[in-house]
Structure formats: C-alpha cells, structure tokens
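Asker: For reference, the file query_24.cif (mmCIF, N, CA and C atoms) is included below:
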```
data_work
#
loop_
_atom_site.group_PDB
_atom_site.id
_atom_site.type_symbol
_atom_site.label_atom_id
_atom_site.label_comp_id
_atom_site.auth_asym_id
_atom_site.auth_seq_id
_atom_site.Cartn_x
_atom_site.Cartn_y
_atom_site.Cartn_z
ATOM 1 N N MET S 1 86.104 98.323 92.491
ATOM 2 C CA MET S 1 87.282 98.325 91.645
ATOM 3 C C MET S 1 87.602 99.715 91.096
ATOM 4 N N PRO S 2 86.598 100.568 90.838
ATOM 5 C CA PRO S 2 86.925 101.906 90.334
ATOM 6 C C PRO S 2 87.795 102.700 91.314
ATOM 7 N N ILE S 3 87.617 102.467 92.610
ATOM 8 C CA ILE S 3 88.411 103.196 93.592
ATOM 9 C C ILE S 3 89.890 102.851 93.461
ATOM 10 N N LEU S 4 90.194 101.611 93.127
ATOM 11 C CA LEU S 4 91.577 101.196 92.917
ATOM 12 C C LEU S 4 92.162 101.915 91.710
ATOM 13 N N ALA S 5 91.393 102.020 90.631
ATOM 14 C CA ALA S 5 91.857 102.722 89.430
ATOM 15 C C ALA S 5 92.106 104.200 89.729
ATOM 16 N N ILE S 6 91.234 104.802 90.511
ATOM 17 C CA ILE S 6 91.412 106.212 90.881
ATOM 18 C C ILE S 6 92.689 106.371 91.714
ATOM 19 N N GLY S 7 92.899 105.495 92.679
ATOM 20 C CA GLY S 7 94.092 105.555 93.517
ATOM 21 C C GLY S 7 95.372 105.392 92.712
ATOM 22 N N ILE S 8 95.373 104.449 91.786
ATOM 23 C CA ILE S 8 96.555 104.226 90.944
ATOM 24 C C ILE S 8 96.812 105.438 90.065
ATOM 25 N N THR S 9 95.754 106.001 89.492
ATOM 26 C CA THR S 9 95.894 107.198 88.656
ATOM 27 C C THR S 9 96.457 108.371 89.445
ATOM 28 N N LYS S 10 95.943 108.569 90.668
ATOM 29 C CA LYS S 10 96.469 109.648 91.508
ATOM 30 C C LYS S 10 97.944 109.430 91.818
ATOM 31 N N ALA S 11 98.306 108.206 92.152
ATOM 32 C CA ALA S 11 99.703 107.904 92.468
ATOM 33 C C ALA S 11 100.601 108.185 91.265
ATOM 34 N N ILE S 12 100.158 107.809 90.088
ATOM 35 C CA ILE S 12 100.953 108.057 88.877
ATOM 36 C C ILE S 12 101.135 109.553 88.652
ATOM 37 N N VAL S 13 100.056 110.310 88.782
ATOM 38 C CA VAL S 13 100.135 111.757 88.576
ATOM 39 C C VAL S 13 101.044 112.404 89.617
ATOM 40 N N PHE S 14 100.860 112.063 90.894
ATOM 41 C CA PHE S 14 101.714 112.634 91.930
ATOM 42 C C PHE S 14 103.175 112.250 91.712
ATOM 43 N N ARG S 15 103.409 111.022 91.325
ATOM 44 C CA ARG S 15 104.772 110.560 91.083
ATOM 45 C C ARG S 15 105.382 111.313 89.897
ATOM 46 N N ARG S 16 104.588 111.521 88.869
ATOM 47 C CA ARG S 16 105.051 112.219 87.656
ATOM 48 C C ARG S 16 105.538 113.628 87.981
ATOM 49 N N PHE S 17 104.881 114.286 88.921
ATOM 50 C CA PHE S 17 105.253 115.643 89.297
ATOM 51 C C PHE S 17 106.168 115.673 90.533
ATOM 52 N N ASP S 18 106.795 114.562 90.827
ATOM 53 C CA ASP S 18 107.729 114.433 91.956
ATOM 54 C C ASP S 18 107.116 114.857 93.294
ATOM 55 N N ALA S 19 105.831 114.641 93.444
ATOM 56 C CA ALA S 19 105.158 114.972 94.702
ATOM 57 C C ALA S 19 104.959 113.732 95.570
ATOM 58 N N LEU S 20 105.417 112.598 95.086
ATOM 59 C CA LEU S 20 105.259 111.349 95.820
ATOM 60 C C LEU S 20 106.581 110.583 95.768
ATOM 61 N N PRO S 21 107.304 110.551 96.885
ATOM 62 C CA PRO S 21 108.603 109.861 96.889
ATOM 63 C C PRO S 21 108.454 108.362 96.623
ATOM 64 N N VAL S 22 109.464 107.790 95.990
ATOM 65 C CA VAL S 22 109.447 106.363 95.650
ATOM 66 C C VAL S 22 109.301 105.514 96.915
ATOM 67 N N GLU S 23 109.975 105.898 98.007
ATOM 68 C CA GLU S 23 109.878 105.088 99.227
ATOM 69 C C GLU S 23 108.454 105.082 99.775
ATOM 70 N N THR S 24 107.707 106.143 99.578
ATOM 71 C CA THR S 24 106.307 106.173 100.005
ATOM 72 C C THR S 24 105.469 105.227 99.155
ATOM 73 N N VAL S 25 105.750 105.170 97.866
ATOM 74 C CA VAL S 25 105.049 104.236 96.974
ATOM 75 C C VAL S 25 105.330 102.800 97.401
ATOM 76 N N ILE S 26 106.582 102.500 97.693
ATOM 77 C CA ILE S 26 106.959 101.138 98.100
ATOM 78 C C ILE S 26 106.287 100.770 99.422
ATOM 79 N N ARG S 27 106.314 101.695 100.378
ATOM 80 C CA ARG S 27 105.646 101.428 101.660
ATOM 81 C C ARG S 27 104.153 101.194 101.457
ATOM 82 N N GLY S 28 103.537 102.007 100.624
ATOM 83 C CA GLY S 28 102.105 101.850 100.350
ATOM 84 C C GLY S 28 101.793 100.500 99.728
ATOM 85 N N LEU S 29 102.625 100.079 98.785
ATOM 86 C CA LEU S 29 102.418 98.769 98.159
ATOM 87 C C LEU S 29 102.593 97.634 99.165
ATOM 88 N N LEU S 30 103.589 97.745 100.027
ATOM 89 C CA LEU S 30 103.805 96.713 101.048
ATOM 90 C C LEU S 30 102.645 96.652 102.038
ATOM 91 N N ILE S 31 102.218 97.797 102.512
ATOM 92 C CA ILE S 31 101.115 97.832 103.476
ATOM 93 C C ILE S 31 99.821 97.351 102.831
ATOM 94 N N GLY S 32 99.539 97.845 101.633
ATOM 95 C CA GLY S 32 98.313 97.439 100.939
ATOM 96 C C GLY S 32 98.266 95.947 100.647
ATOM 97 N N SER S 33 99.388 95.402 100.165
ATOM 98 C CA SER S 33 99.404 93.966 99.872
ATOM 99 C C SER S 33 99.294 93.141 101.152
ATOM 100 N N SER S 34 99.913 93.610 102.237
ATOM 101 C CA SER S 34 99.796 92.899 103.518
ATOM 102 C C SER S 34 98.353 92.889 104.009
ATOM 103 N N LEU S 35 97.669 94.028 103.863
ATOM 104 C CA LEU S 35 96.264 94.088 104.275
ATOM 105 C C LEU S 35 95.397 93.155 103.444
ATOM 106 N N MET S 36 95.642 93.102 102.137
ATOM 107 C CA MET S 36 94.838 92.221 101.278
ATOM 108 C C MET S 36 95.078 90.756 101.615
ATOM 109 N N ILE S 37 96.331 90.389 101.834
ATOM 110 C CA ILE S 37 96.648 88.997 102.182
ATOM 111 C C ILE S 37 96.053 88.643 103.541
ATOM 112 N N GLY S 38 96.191 89.536 104.518
ATOM 113 C CA GLY S 38 95.631 89.299 105.844
ATOM 114 C C GLY S 38 94.116 89.150 105.812
ATOM 115 N N SER S 39 93.464 89.978 105.018
ATOM 116 C CA SER S 39 92.004 89.883 104.894
ATOM 117 C C SER S 39 91.586 88.549 104.285
ATOM 118 N N ARG S 40 92.325 88.130 103.275
ATOM 119 C CA ARG S 40 92.001 86.862 102.615
ATOM 120 C C ARG S 40 92.207 85.680 103.572
ATOM 121 N N LEU S 41 93.286 85.726 104.343
ATOM 122 C CA LEU S 41 93.564 84.644 105.289
ATOM 123 C C LEU S 41 92.550 84.610 106.434
ATOM 124 N N ALA S 42 92.105 85.774 106.877
ATOM 125 C CA ALA S 42 91.180 85.838 108.009
ATOM 126 C C ALA S 42 89.743 85.523 107.620
ATOM 127 N N LYS S 43 89.421 85.585 106.348
ATOM 128 C CA LYS S 43 88.046 85.389 105.906
ATOM 129 C C LYS S 43 87.466 84.050 106.368
ATOM 130 N N GLY S 44 88.210 82.981 106.195
ATOM 131 C CA GLY S 44 87.726 81.657 106.609
ATOM 132 C C GLY S 44 87.474 81.582 108.104
ATOM 133 N N PHE S 45 88.371 82.181 108.883
ATOM 134 C CA PHE S 45 88.222 82.195 110.336
ATOM 135 C C PHE S 45 86.967 82.961 110.737
ATOM 136 N N VAL S 46 86.773 84.125 110.153
ATOM 137 C CA VAL S 46 85.634 84.973 110.504
ATOM 138 C C VAL S 46 84.318 84.319 110.089
ATOM 139 N N LEU S 47 84.289 83.670 108.943
ATOM 140 C CA LEU S 47 83.051 83.029 108.485
ATOM 141 C C LEU S 47 82.636 81.862 109.382
ATOM 142 N N ARG S 48 83.584 81.261 110.093
ATOM 143 C CA ARG S 48 83.255 80.154 110.995
ATOM 144 C C ARG S 48 82.755 80.632 112.357
ATOM 145 N N LEU S 49 82.924 81.912 112.673
ATOM 146 C CA LEU S 49 82.474 82.442 113.963
ATOM 147 C C LEU S 49 80.951 82.618 113.985
ATOM 148 N N ASP S 50 80.354 82.336 115.135
ATOM 149 C CA ASP S 50 78.940 82.666 115.270
ATOM 150 C C ASP S 50 78.838 84.170 115.561
ATOM 151 N N ALA S 51 77.637 84.714 115.437
ATOM 152 C CA ALA S 51 77.424 86.164 115.531
ATOM 153 C C ALA S 51 77.884 86.740 116.871
ATOM 154 N N GLU S 52 77.627 86.036 117.954
ATOM 155 C CA GLU S 52 77.992 86.556 119.275
ATOM 156 C C GLU S 52 79.512 86.635 119.454
ATOM 157 N N ARG S 53 80.215 85.595 119.026
ATOM 158 C CA ARG S 53 81.680 85.626 119.122
ATOM 159 C C ARG S 53 82.277 86.698 118.221
ATOM 160 N N PHE S 54 81.667 86.888 117.046
ATOM 161 C CA PHE S 54 82.145 87.927 116.145
ATOM 162 C C PHE S 54 82.004 89.308 116.796
ATOM 163 N N ARG S 55 80.845 89.563 117.409
ATOM 164 C CA ARG S 55 80.631 90.846 118.093
ATOM 165 C C ARG S 55 81.639 91.032 119.234
ATOM 166 N N LEU S 56 81.887 89.977 119.993
ATOM 167 C CA LEU S 56 82.859 90.047 121.083
ATOM 168 C C LEU S 56 84.262 90.345 120.536
ATOM 169 N N LEU S 57 84.649 89.672 119.469
ATOM 170 C CA LEU S 57 85.946 89.896 118.846
ATOM 171 C C LEU S 57 86.075 91.346 118.367
ATOM 172 N N MET S 58 85.037 91.870 117.719
ATOM 173 C CA MET S 58 85.053 93.251 117.240
ATOM 174 C C MET S 58 85.139 94.241 118.406
ATOM 175 N N ASP S 59 84.409 93.970 119.476
ATOM 176 C CA ASP S 59 84.477 94.841 120.660
ATOM 177 C C ASP S 59 85.882 94.856 121.244
ATOM 178 N N LEU S 60 86.508 93.683 121.340
ATOM 179 C CA LEU S 60 87.861 93.597 121.879
ATOM 180 C C LEU S 60 88.874 94.317 120.983
ATOM 181 N N LEU S 61 88.730 94.139 119.674
ATOM 182 C CA LEU S 61 89.636 94.806 118.751
ATOM 183 C C LEU S 61 89.479 96.325 118.807
ATOM 184 N N LEU S 62 88.244 96.805 118.877
ATOM 185 C CA LEU S 62 88.013 98.248 118.965
ATOM 186 C C LEU S 62 88.527 98.817 120.280
ATOM 187 N N ALA S 63 88.306 98.104 121.362
ATOM 188 C CA ALA S 63 88.812 98.556 122.664
ATOM 189 C C ALA S 63 90.344 98.586 122.649
ATOM 190 N N GLY S 64 90.951 97.567 122.086
ATOM 191 C CA GLY S 64 92.409 97.531 121.987
ATOM 192 C C GLY S 64 92.951 98.673 121.135
ATOM 193 N N ALA S 65 92.303 98.936 120.015
ATOM 194 C CA ALA S 65 92.732 100.043 119.154
ATOM 195 C C ALA S 65 92.594 101.372 119.882
ATOM 196 N N GLY S 66 91.515 101.543 120.616
ATOM 197 C CA GLY S 66 91.323 102.768 121.387
ATOM 198 C C GLY S 66 92.399 102.948 122.442
ATOM 199 N N LEU S 67 92.754 101.866 123.130
ATOM 200 C CA LEU S 67 93.810 101.936 124.141
ATOM 201 C C LEU S 67 95.161 102.294 123.522
ATOM 202 N N VAL S 68 95.442 101.741 122.352
ATOM 203 C CA VAL S 68 96.696 102.058 121.671
ATOM 204 C C VAL S 68 96.725 103.539 121.284
ATOM 205 N N LEU S 69 95.606 104.062 120.794
ATOM 206 C CA LEU S 69 95.545 105.482 120.448
ATOM 207 C C LEU S 69 95.728 106.366 121.673
ATOM 208 N N LEU S 70 95.086 106.007 122.767
ATOM 209 C CA LEU S 70 95.244 106.783 123.997
ATOM 210 C C LEU S 70 96.670 106.711 124.515
ATOM 211 N N TRP S 71 97.261 105.532 124.473
ATOM 212 C CA TRP S 71 98.639 105.368 124.906
ATOM 213 C C TRP S 71 99.561 106.243 124.062
ATOM 214 N N GLY S 72 99.336 106.252 122.752
ATOM 215 C CA GLY S 72 100.153 107.074 121.847
ATOM 216 C C GLY S 72 99.975 108.553 122.136
ATOM 217 N N ALA S 73 98.768 108.962 122.522
ATOM 218 C CA ALA S 73 98.505 110.378 122.756
ATOM 219 C C ALA S 73 99.076 110.852 124.090
ATOM 220 N N PHE S 74 99.072 110.002 125.094
ATOM 221 C CA PHE S 74 99.440 110.448 126.437
ATOM 222 C C PHE S 74 100.800 109.944 126.928
ATOM 223 N N VAL S 75 101.288 108.847 126.397
ATOM 224 C CA VAL S 75 102.514 108.251 126.915
ATOM 225 C C VAL S 75 103.720 108.562 126.037
ATOM 226 N N LEU S 76 103.546 108.467 124.734
ATOM 227 C CA LEU S 76 104.682 108.694 123.829
ATOM 228 C C LEU S 76 105.067 110.171 123.841
ATOM 229 N N PRO S 77 106.354 110.446 123.760
ATOM 230 C CA PRO S 77 106.784 111.861 123.739
ATOM 231 C C PRO S 77 106.366 112.537 122.438
ATOM 232 N N HIS S 78 106.094 113.808 122.517
ATOM 233 C CA HIS S 78 105.653 114.558 121.335
ATOM 234 C C HIS S 78 106.796 115.237 120.674
#
```
In structure tokens, write the structure found in this file.
Answerer:
Amino acid sequence: MPILAIGITKAIVFRRFDALPVETVIRGLLIGSSLMIGSRLAKGFVLRLDAERFRLLMDLLLAGAGLVLLWGAFVLPH
C-alpha cells in the first residue's frame, strides 16, 4: 500500500507543476483500474488451475507477449 501512496503523491506534485497532462492522468486511472478489475476477476480462474496448467498458461502468455514485441520491433513502421 505504501507504493500506491508514493505514486499518488508523485502524480499530485507533477500535476501541480504542470509536468503531467490531465489526459495522461485519466489514461493512467483507466488503465490502472482495468488492471485491478481484471486481476480480481481472473483470481478465481487461476486458483482453480492445477500447477501444470498454470505453468503452461504462463509459458503461452510469455511466448505471445514476446511475439508481439518482436512483431512491433520488426513489422511496424518506425
């Protein structure tokens, strides 16, 4: 929880000195809240998985993320 307080304090200070645009704050709040809701919803699903399926799921997710990063680096225009 202290990390959340530090993040909020930094955002307030940056915002106070006009170093953090309002649209960035709104995007951050939307992304952060979506991640928290998604984590809460997925918790029940993940807790029902056995260890082997969980490892397989994590391997697939990591491989997929790696492919997306490679695609972004080599396929998308710079």
Asker: I want to know what sits within 12 Å of stretch 23-31 of chain S, based on only C-alpha atoms, with residues of the same chain fewer than 2 positions away left out; could you give that as a list in words?
Answerer: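 Contacts, in chain order: Gly7, Ile8, Lys10, Ala11, Ile12, Phe14, Arg15, Asp18, Ala19, Leu20, Pro21, Ser33, Ser34, Leu35, Met36, Ile37 and Gly38 of chain S.
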Asker: Report the distance between atom CA of S:Phe45 and atom CA of S:Leu57 in Å, rounded to one decimal place.
Answerer: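 It comes out at 11.7 Å.
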Asker: What is the distance, in Å and to one decimal place, between atom CA of S:Leu76 and atom N of S:Leu60?
Answerer: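 Here the two named atoms are 23.7 Å from each other.
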Asker: In Å to one decimal, how far is atom CA of S:Leu41 from atom CA of S:Met1?
Answerer: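 Interatomic distance, atom CA of S:Met1 to atom CA of S:Leu41: 20.3 Å.
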Asker: Tell me, which residues of chain S carry DSSP alpha helix (DSSP H), written as a ChimeraX atom specification?
Answerer: /S:2-16,22-48,51-74
Asker: Can you fill out stretch 20-31 of chain S with all heavy atoms and hand it back as a CSV table (one decimal), keeping the file's coordinate frame?
Answerer:
```csv
chain,number,residue,atom,x,y,z
S,20,LEU,N,105.4,112.6,95.1
S,20,LEU,CA,105.3,111.3,95.8
S,20,LEU,C,106.6,110.6,95.8
S,20,LEU,O,106.9,110.0,94.7
S,20,LEU,CB,104.1,110.5,95.2
S,20,LEU,CG,103.7,109.3,95.9
S,20,LEU,CD1,103.2,109.6,97.3
S,20,LEU,CD2,102.7,108.5,95.1
S,21,PRO,N,107.3,110.6,96.9
S,21,PRO,CA,108.6,109.9,96.9
S,21,PRO,C,108.5,108.4,96.6
S,21,PRO,O,107.4,107.7,97.0
S,21,PRO,CB,109.1,110.1,98.3
S,21,PRO,CG,108.3,111.2,98.9
S,21,PRO,CD,107.0,111.2,98.2
S,22,VAL,N,109.5,107.8,96.0
S,22,VAL,CA,109.4,106.4,95.6
S,22,VAL,C,109.3,105.5,96.9
S,22,VAL,O,108.6,104.5,96.9
S,22,VAL,CB,110.7,106.0,94.9
S,22,VAL,CG1,110.8,104.5,94.6
S,22,VAL,CG2,110.8,106.7,93.5
S,23,GLU,N,110.0,105.9,98.0
S,23,GLU,CA,109.9,105.1,99.2
S,23,GLU,C,108.5,105.1,99.8
S,23,GLU,O,108.0,104.1,100.3
S,23,GLU,CB,110.9,105.5,100.3
S,23,GLU,CG,110.5,106.8,101.1
S,23,GLU,CD,111.5,107.0,102.2
S,23,GLU,OE1,112.7,106.8,102.0
S,23,GLU,OE2,111.1,107.5,103.2
S,24,THR,N,107.7,106.1,99.6
S,24,THR,CA,106.3,106.2,100.0
S,24,THR,C,105.5,105.2,99.2
S,24,THR,O,104.6,104.5,99.7
S,24,THR,CB,105.8,107.6,99.9
S,24,THR,OG1,106.6,108.5,100.7
S,24,THR,CG2,104.3,107.7,100.4
S,25,VAL,N,105.8,105.2,97.9
S,25,VAL,CA,105.0,104.2,97.0
S,25,VAL,C,105.3,102.8,97.4
S,25,VAL,O,104.4,102.0,97.5
S,25,VAL,CB,105.5,104.5,95.5
S,25,VAL,CG1,104.9,103.4,94.6
S,25,VAL,CG2,105.1,105.8,95.0
S,26,ILE,N,106.6,102.5,97.7
S,26,ILE,CA,107.0,101.1,98.1
S,26,ILE,C,106.3,100.8,99.4
S,26,ILE,O,105.7,99.7,99.6
S,26,ILE,CB,108.5,101.0,98.2
S,26,ILE,CG1,109.1,101.1,96.8
S,26,ILE,CG2,108.9,99.7,98.9
S,26,ILE,CD1,110.6,101.2,96.8
S,27,ARG,N,106.3,101.7,100.4
S,27,ARG,CA,105.6,101.4,101.7
S,27,ARG,C,104.2,101.2,101.5
S,27,ARG,O,103.6,100.3,102.1
S,27,ARG,CB,105.9,102.6,102.6
S,27,ARG,CG,107.2,102.6,103.2
S,27,ARG,CD,107.3,103.8,104.2
S,27,ARG,NE,108.7,103.9,104.7
S,27,ARG,CZ,109.1,104.9,105.4
S,27,ARG,NH1,108.3,105.9,105.8
S,27,ARG,NH2,110.4,104.9,105.8
S,28,GLY,N,103.5,102.0,100.6
S,28,GLY,CA,102.1,101.8,100.4
S,28,GLY,C,101.8,100.5,99.7
S,28,GLY,O,100.8,99.9,100.1
S,29,LEU,N,102.6,100.1,98.8
S,29,LEU,CA,102.4,98.8,98.2
S,29,LEU,C,102.6,97.6,99.2
S,29,LEU,O,101.8,96.7,99.2
S,29,LEU,CB,103.4,98.6,97.0
S,29,LEU,CG,103.1,99.5,95.8
S,29,LEU,CD1,104.2,99.3,94.8
S,29,LEU,CD2,101.8,99.1,95.1
S,30,LEU,N,103.6,97.7,100.0
S,30,LEU,CA,103.8,96.7,101.0
S,30,LEU,C,102.6,96.7,102.0
S,30,LEU,O,102.1,95.6,102.4
S,30,LEU,CB,105.1,97.0,101.8
S,30,LEU,CG,106.4,96.6,101.1
S,30,LEU,CD1,107.6,97.1,101.8
S,30,LEU,CD2,106.5,95.1,100.8
S,31,ILE,N,102.2,97.8,102.5
S,31,ILE,CA,101.1,97.8,103.5
S,31,ILE,C,99.8,97.4,102.8
S,31,ILE,O,99.1,96.5,103.4
S,31,ILE,CB,101.0,99.3,104.1
S,31,ILE,CG1,102.2,99.6,104.9
S,31,ILE,CG2,99.7,99.4,104.8
S,31,ILE,CD1,102.3,101.0,105.3
```
